[in-house]
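S.K.: Have a look at the structure that comes next, please.
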Amino acid sequence: MRVLVVTAVAAEAESVAAGLAAGAGSGAGSGSGHGARAETLIAGVGPAAAAAATATALASSADDPYGLVVSAGIGGGFPHRAPVGSLVVADAIVAADLGADGPDGFLSVEELGFGRAVHLPPAGPAARAAEAAGALCAPVLTVSTVTGTAARAAELSGRHPRAAAEAMEGFGVAEAAAVHGVPVLEIRAISNPVGPRDRAAWRIGDALNALRDGFQRLGPLLADPFADDTGDLPAGNPLFEESP
C-alpha cells in the first residue's frame, strides 16, 4: 500500500523518514516481505495549508493511488493525558475551534448545521498503530490558534474530556482525505503541555525523537495497515464517546 505522511514542517518530515528508514534497515518494516511505501509531504502550518497540499497530492496520484494518509508531527499534550515526550494516535480528529462563540458557549459547525467537526479514523488501524508505537489512542484536537492560557486549556478539556493532544493540521488533512475517499490516521509526539505559553518548557527535540522512534516501530503496520480487519471498515469508532 502507498502511504502519504503529511507533516507541517521539514523537521517533522525528517524524523518520520528517519524512523521509517531505521525500521526498514533493522527488518522492522519488512511486513510480509515488503516495507511500507510511505512518502512524506511538507504541507505547511495550519489546517488550510494542510488540506490544500494533501488534496493536491491525492489528486495527482490517480495512476498509483494512496491507500492511507497519515497526519504526523509534534503537538501539545493535555498534561493529565499525554505528558511531554509521549505519543498519541487519534481515535478522533476534532476541529476544536471551528464554529461560533457566544454567551451560551461554543457551538461547533455540526451543532450549527453547517458541516462536520469530527473525523473518525478506522478503529482497527488506529488501535494497532497506538499499540505498535506505545502510544495513547485518544482524540486529537485541531486548532488554528495554539492554546496559551490555562483558561483556554480548561475550556477545551471541558468540551473534549477525552482529548489528549492539540495540533494545527490533522482536521485539514482528514478533510482532504475524506474528499478522495482515503482513510486517515493522525499521530502526534508531545513537545509541550497544553496551557500557559512557556517556551522554556518546550521539548521539541525530545518530541522529534519520539516521532522518529514511533515511526520506526510503525513500519510493519504501514506496510499493510488493514491486514487484520475483516469485512467492511466500521463507519465510526466506538472508543469515541463525546458528542461532536
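We label chains A, B, ... in the order they appear in the C-alpha cells, count residues from 1 in each chain, and number ligands from 1 in the order shown.
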So which residues touch A:Gly214 within 8 Å, counting only C-alpha atoms, skipping near sequence neighbours fewer than 2 positions away, as a list in words?

M.R.: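 Here the answer would be Gly19, Leu87, Ala132, Ala133, Gly134, Ala210, Leu211, Arg212, Gln216, Arg217 and Leu218 of chain A.
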
S.K.: List the neighbours of A:Gly75 out to 6 Å using only C-alpha atoms; skip same-chain residues closer than 6 positions along the sequence, and give me the result as a PyMOL selection string.

M.R.: chain A and resi 166-167+188+190-191

S.K.: What's around A:Gly195 at 12 Å? Count only C-alpha atoms, leave out sequence neighbours fewer than 5 positions away in its own chain, and write the answer as a PyMOL selection string.

M.R.: chain A and resi 76-80+146-157+165-166+201-202

S.K.: Based on the selection just made, write C-alpha atoms of those residues as a short mmCIF file (atom, residue, chain, number, x, y, z; two decimals), in the first residue's frame.

M.R.:
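Writing the result to result30.cif gives the following:
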```cif
data_model
loop_
_atom_site.label_atom_id
_atom_site.label_comp_id
_atom_site.auth_asym_id
_atom_site.auth_seq_id
_atom_site.Cartn_x
_atom_site.Cartn_y
_atom_site.Cartn_z
CA GLY A 76 0.77 19.96 22.67
CA GLY A 77 -0.40 17.39 25.21
CA PHE A 78 -3.04 17.77 27.89
CA PRO A 79 -0.83 17.05 30.93
CA HIS A 80 -3.26 14.69 32.67
CA VAL A 146 -2.36 27.20 19.75
CA THR A 147 -3.56 27.26 23.35
CA GLY A 148 -1.58 29.66 25.52
CA THR A 149 -3.64 30.15 28.68
CA ALA A 150 -4.97 27.99 31.48
CA ALA A 151 -8.48 29.24 30.79
CA ARG A 152 -8.39 28.10 27.16
CA ALA A 153 -6.92 24.73 28.17
CA ALA A 154 -9.70 24.25 30.71
CA GLU A 155 -12.34 25.20 28.15
CA LEU A 156 -11.05 22.67 25.63
CA SER A 157 -10.77 19.94 28.25
CA ALA A 165 -3.37 16.45 22.34
CA GLU A 166 -3.81 19.50 20.16
CA ALA A 201 9.08 24.13 28.93
CA TRP A 202 9.02 23.05 25.29
#
```

S.K.: Please return, as an NGL selection string, all residues of chain A that DSSP assigns to strand (DSSP E) on the basis of the backbone.

M.R.: :A and (2-7 or 37-42 or 68-77 or 87-95 or 99-100 or 107-108 or 118-119 or 136-142 or 165-167 or 184-193)

S.K.: Using only C-alpha atoms, which residues of stretch 83-175 of chain A come within 9 Å of stretch 48-64 of chain A, and what is the closest atom pair for each, with the distance in Å to one decimal? Give it as a Markdown table, sorted by chain and residue number.

M.R.:
```
| residue | atom | partner | partner_atom | distance |
| --- | --- | --- | --- | --- |
| A:Met168 | CA | A:Ala50 | CA | 8.7 |
| A:Glu169 | CA | A:Ala50 | CA | 5.6 |
| A:Gly170 | CA | A:Ala50 | CA | 7.8 |
| A:Phe171 | CA | A:Ala51 | CA | 8.0 |
| A:Gly172 | CA | A:Ala51 | CA | 4.3 |
| A:Val173 | CA | A:Ala51 | CA | 4.9 |
| A:Ala174 | CA | A:Ala51 | CA | 7.6 |
| A:Glu175 | CA | A:Ala51 | CA | 6.6 |
```

S.K.: Grab the residues selected above and save them as an mmCIF file, in the first residue's frame with N, CA, C and O atoms.

M.R.:
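See selection28.cif below for the written result:
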```cif
data_model
loop_
_atom_site.group_PDB
_atom_site.id
_atom_site.type_symbol
_atom_site.label_atom_id
_atom_site.label_comp_id
_atom_site.auth_asym_id
_atom_site.auth_seq_id
_atom_site.Cartn_x
_atom_site.Cartn_y
_atom_site.Cartn_z
ATOM 1 N N MET A 168 -2.270 21.522 14.727
ATOM 2 C CA MET A 168 -2.870 22.513 13.835
ATOM 3 C C MET A 168 -3.219 21.996 12.443
ATOM 4 O O MET A 168 -3.744 22.762 11.635
ATOM 5 N N GLU A 169 -2.964 20.708 12.154
ATOM 6 C CA GLU A 169 -3.143 20.252 10.777
ATOM 7 C C GLU A 169 -4.076 19.066 10.595
ATOM 8 O O GLU A 169 -4.564 18.826 9.488
ATOM 9 N N GLY A 170 -4.315 18.278 11.621
ATOM 10 C CA GLY A 170 -4.988 16.994 11.445
ATOM 11 C C GLY A 170 -6.333 17.069 10.746
ATOM 12 O O GLY A 170 -6.623 16.286 9.834
ATOM 13 N N PHE A 171 -7.185 18.010 11.155
ATOM 14 C CA PHE A 171 -8.514 18.079 10.561
ATOM 15 C C PHE A 171 -8.436 18.475 9.092
ATOM 16 O O PHE A 171 -9.214 17.976 8.268
ATOM 17 N N GLY A 172 -7.515 19.351 8.741
ATOM 18 C CA GLY A 172 -7.356 19.716 7.337
ATOM 19 C C GLY A 172 -6.929 18.529 6.489
ATOM 20 O O GLY A 172 -7.444 18.314 5.387
ATOM 21 N N VAL A 173 -5.986 17.739 6.996
ATOM 22 C CA VAL A 173 -5.565 16.530 6.294
ATOM 23 C C VAL A 173 -6.742 15.566 6.153
ATOM 24 O O VAL A 173 -6.969 14.980 5.090
ATOM 25 N N ALA A 174 -7.502 15.410 7.233
ATOM 26 C CA ALA A 174 -8.636 14.488 7.213
ATOM 27 C C ALA A 174 -9.723 14.928 6.243
ATOM 28 O O ALA A 174 -10.344 14.097 5.573
ATOM 29 N N GLU A 175 -9.967 16.232 6.148
ATOM 30 C CA GLU A 175 -10.962 16.735 5.197
ATOM 31 C C GLU A 175 -10.565 16.391 3.761
ATOM 32 O O GLU A 175 -11.383 15.931 2.963
#
```

S.K.: So that I can check the secondary structure, give me every residue of stretch 22-230 of chain A assigned helix (DSSP H, G or I) by backbone DSSP, as a PyMOL selection string.

M.R.: chain A and resi 22-25+47-59+109-112+123-133+150-159+170-179+199-201+204-223

S.K.: Write out as a ChimeraX atom specification each polymer residue whose atoms come within 12 Å of A:Asp91, counting only C-alpha atoms; drop sequence neighbours fewer than 5 positions from it.

M.R.: /A:118-130,135-141,162-165,170,184-188,236-242

S.K.: May I have the selected residues written with N, CA, C and O atoms, as a short mmCIF file (atom, residue, chain, number, x, y, z; two decimals), in the first residue's frame?

M.R.:
```
data_model
loop_
_atom_site.label_atom_id
_atom_site.label_comp_id
_atom_site.auth_asym_id
_atom_site.auth_seq_id
_atom_site.Cartn_x
_atom_site.Cartn_y
_atom_site.Cartn_z
N VAL A 118 -15.79 16.49 13.19
CA VAL A 118 -15.07 15.32 13.67
C VAL A 118 -14.87 14.33 12.53
O VAL A 118 -15.82 14.03 11.79
N HIS A 119 -13.66 13.84 12.38
CA HIS A 119 -13.38 12.69 11.52
C HIS A 119 -12.93 11.53 12.40
O HIS A 119 -12.11 11.72 13.32
N LEU A 120 -13.45 10.34 12.12
CA LEU A 120 -13.10 9.16 12.90
C LEU A 120 -12.20 8.26 12.07
O LEU A 120 -12.64 7.67 11.08
N PRO A 121 -10.94 8.12 12.45
CA PRO A 121 -10.06 7.18 11.74
C PRO A 121 -10.58 5.75 11.87
O PRO A 121 -11.33 5.43 12.81
N PRO A 122 -10.19 4.87 10.95
CA PRO A 122 -10.59 3.46 11.09
C PRO A 122 -10.10 2.90 12.42
O PRO A 122 -8.92 3.03 12.75
N ALA A 123 -11.02 2.30 13.17
CA ALA A 123 -10.73 1.93 14.55
C ALA A 123 -9.61 0.90 14.67
O ALA A 123 -8.73 1.02 15.53
N GLY A 124 -9.64 -0.12 13.81
CA GLY A 124 -8.63 -1.17 13.91
C GLY A 124 -7.22 -0.67 13.67
O GLY A 124 -6.34 -0.85 14.54
N PRO A 125 -6.95 -0.03 12.54
CA PRO A 125 -5.60 0.50 12.32
C PRO A 125 -5.16 1.52 13.37
O PRO A 125 -3.99 1.55 13.75
N ALA A 126 -6.08 2.37 13.84
CA ALA A 126 -5.71 3.36 14.87
C ALA A 126 -5.28 2.66 16.15
O ALA A 126 -4.26 3.01 16.75
N ALA A 127 -6.04 1.66 16.57
CA ALA A 127 -5.70 0.94 17.80
C ALA A 127 -4.39 0.18 17.64
O ALA A 127 -3.55 0.15 18.55
N ARG A 128 -4.19 -0.45 16.48
CA ARG A 128 -2.96 -1.20 16.27
C ARG A 128 -1.75 -0.27 16.15
O ARG A 128 -0.65 -0.60 16.60
N ALA A 129 -1.95 0.91 15.55
CA ALA A 129 -0.86 1.87 15.48
C ALA A 129 -0.46 2.34 16.88
O ALA A 129 0.74 2.47 17.18
N ALA A 130 -1.44 2.60 17.73
CA ALA A 130 -1.14 3.02 19.10
C ALA A 130 -0.39 1.93 19.84
O ALA A 130 0.59 2.21 20.55
N ALA A 135 1.71 4.20 22.11
CA ALA A 135 1.03 5.49 22.20
C ALA A 135 -0.33 5.36 22.86
O ALA A 135 -0.93 4.27 22.91
N LEU A 136 -0.84 6.48 23.34
CA LEU A 136 -2.22 6.57 23.80
C LEU A 136 -3.13 6.75 22.59
O LEU A 136 -2.82 7.53 21.69
N CYS A 137 -4.27 6.06 22.56
CA CYS A 137 -5.25 6.23 21.50
C CYS A 137 -6.39 7.08 22.05
O CYS A 137 -7.13 6.64 22.93
N ALA A 138 -6.49 8.31 21.57
CA ALA A 138 -7.43 9.28 22.14
C ALA A 138 -7.67 10.39 21.13
O ALA A 138 -6.92 10.53 20.16
N PRO A 139 -8.71 11.21 21.34
CA PRO A 139 -8.95 12.32 20.42
C PRO A 139 -7.79 13.33 20.37
O PRO A 139 -7.17 13.63 21.39
N VAL A 140 -7.52 13.82 19.16
CA VAL A 140 -6.56 14.90 18.95
C VAL A 140 -7.33 16.09 18.40
O VAL A 140 -8.07 15.96 17.43
N LEU A 141 -7.16 17.24 19.02
CA LEU A 141 -7.87 18.45 18.61
C LEU A 141 -7.04 19.21 17.58
O LEU A 141 -5.84 19.36 17.73
N ARG A 162 -11.91 13.65 26.77
CA ARG A 162 -11.00 12.56 26.44
C ARG A 162 -9.82 13.03 25.58
O ARG A 162 -8.91 12.23 25.30
N ALA A 163 -9.82 14.28 25.16
CA ALA A 163 -8.75 14.75 24.28
C ALA A 163 -7.39 14.63 24.97
O ALA A 163 -7.24 14.94 26.15
N ALA A 164 -6.39 14.18 24.20
CA ALA A 164 -5.05 14.03 24.75
C ALA A 164 -4.06 15.02 24.17
O ALA A 164 -3.02 15.27 24.78
N ALA A 165 -4.36 15.59 22.99
CA ALA A 165 -3.37 16.45 22.34
C ALA A 165 -4.08 17.48 21.47
O ALA A 165 -5.26 17.31 21.10
N GLY A 170 -4.31 18.28 11.62
CA GLY A 170 -4.99 16.99 11.44
C GLY A 170 -6.33 17.07 10.75
O GLY A 170 -6.62 16.29 9.83
N VAL A 184 -7.67 7.90 7.01
CA VAL A 184 -6.68 8.80 7.60
C VAL A 184 -6.38 8.41 9.03
O VAL A 184 -7.27 7.94 9.77
N LEU A 185 -5.13 8.58 9.43
CA LEU A 185 -4.70 8.47 10.82
C LEU A 185 -4.00 9.77 11.21
O LEU A 185 -3.54 10.52 10.34
N GLU A 186 -3.91 10.02 12.50
CA GLU A 186 -3.12 11.15 12.99
C GLU A 186 -2.26 10.67 14.14
O GLU A 186 -2.74 9.99 15.05
N ILE A 187 -0.98 11.04 14.11
CA ILE A 187 -0.01 10.63 15.12
C ILE A 187 0.75 11.87 15.59
O ILE A 187 1.32 12.60 14.77
N ARG A 188 0.73 12.10 16.90
CA ARG A 188 1.39 13.29 17.45
C ARG A 188 2.36 12.91 18.56
O ARG A 188 2.05 12.11 19.44
N GLY A 236 -17.79 4.27 12.24
CA GLY A 236 -17.39 5.14 13.34
C GLY A 236 -16.53 4.39 14.31
O GLY A 236 -16.33 3.18 14.22
N ASN A 237 -15.97 5.08 15.26
CA ASN A 237 -15.07 4.50 16.24
C ASN A 237 -15.78 4.44 17.59
O ASN A 237 -16.05 5.46 18.20
N PRO A 238 -16.08 3.24 18.09
CA PRO A 238 -16.81 3.13 19.36
C PRO A 238 -16.04 3.64 20.55
O PRO A 238 -16.60 3.86 21.61
N LEU A 239 -14.71 3.84 20.40
CA LEU A 239 -13.93 4.38 21.52
C LEU A 239 -14.19 5.85 21.74
O LEU A 239 -13.86 6.40 22.78
N PHE A 240 -14.76 6.52 20.75
CA PHE A 240 -15.00 7.96 20.85
C PHE A 240 -16.39 8.18 21.44
O PHE A 240 -17.40 7.86 20.84
N GLU A 241 -16.44 8.70 22.67
CA GLU A 241 -17.68 8.75 23.43
C GLU A 241 -18.28 10.15 23.50
O GLU A 241 -19.35 10.33 24.07
N GLU A 242 -17.57 11.15 22.93
CA GLU A 242 -18.07 12.52 23.02
C GLU A 242 -19.12 12.81 21.95
O GLU A 242 -19.14 12.19 20.90
#
```

S.K.: Have a look at A:Leu112, A:Leu221, A:Ala200, A:Ala82 and name the one nearest to A:Glu131; count only C-alpha atoms.

M.R.: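 Nearest candidate to A:Glu131 out of A:Leu112, A:Leu221, A:Ala200, A:Ala82: A:Leu221.
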
S.K.: Which distance in Å separates atom CA of A:Val179 and atom CA of A:Arg116, to one decimal?

M.R.: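 Value for the atom CA of A:Val179-atom CA of A:Arg116 distance: 12.8 Å.
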
S.K.: Enter the distance from atom CA of A:Ala207 to atom CA of A:Ala95, in Å, rounded to one decimal.

M.R.: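 About the pair atom CA of A:Ala207 and atom CA of A:Ala95: they are 22.7 Å apart.
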
S.K.: To one decimal in Å, tell me the separation between atom CA of A:Leu41 and atom CA of A:Ala13.

M.R.: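 About the pair atom CA of A:Leu41 and atom CA of A:Ala13: they are 7.1 Å apart.
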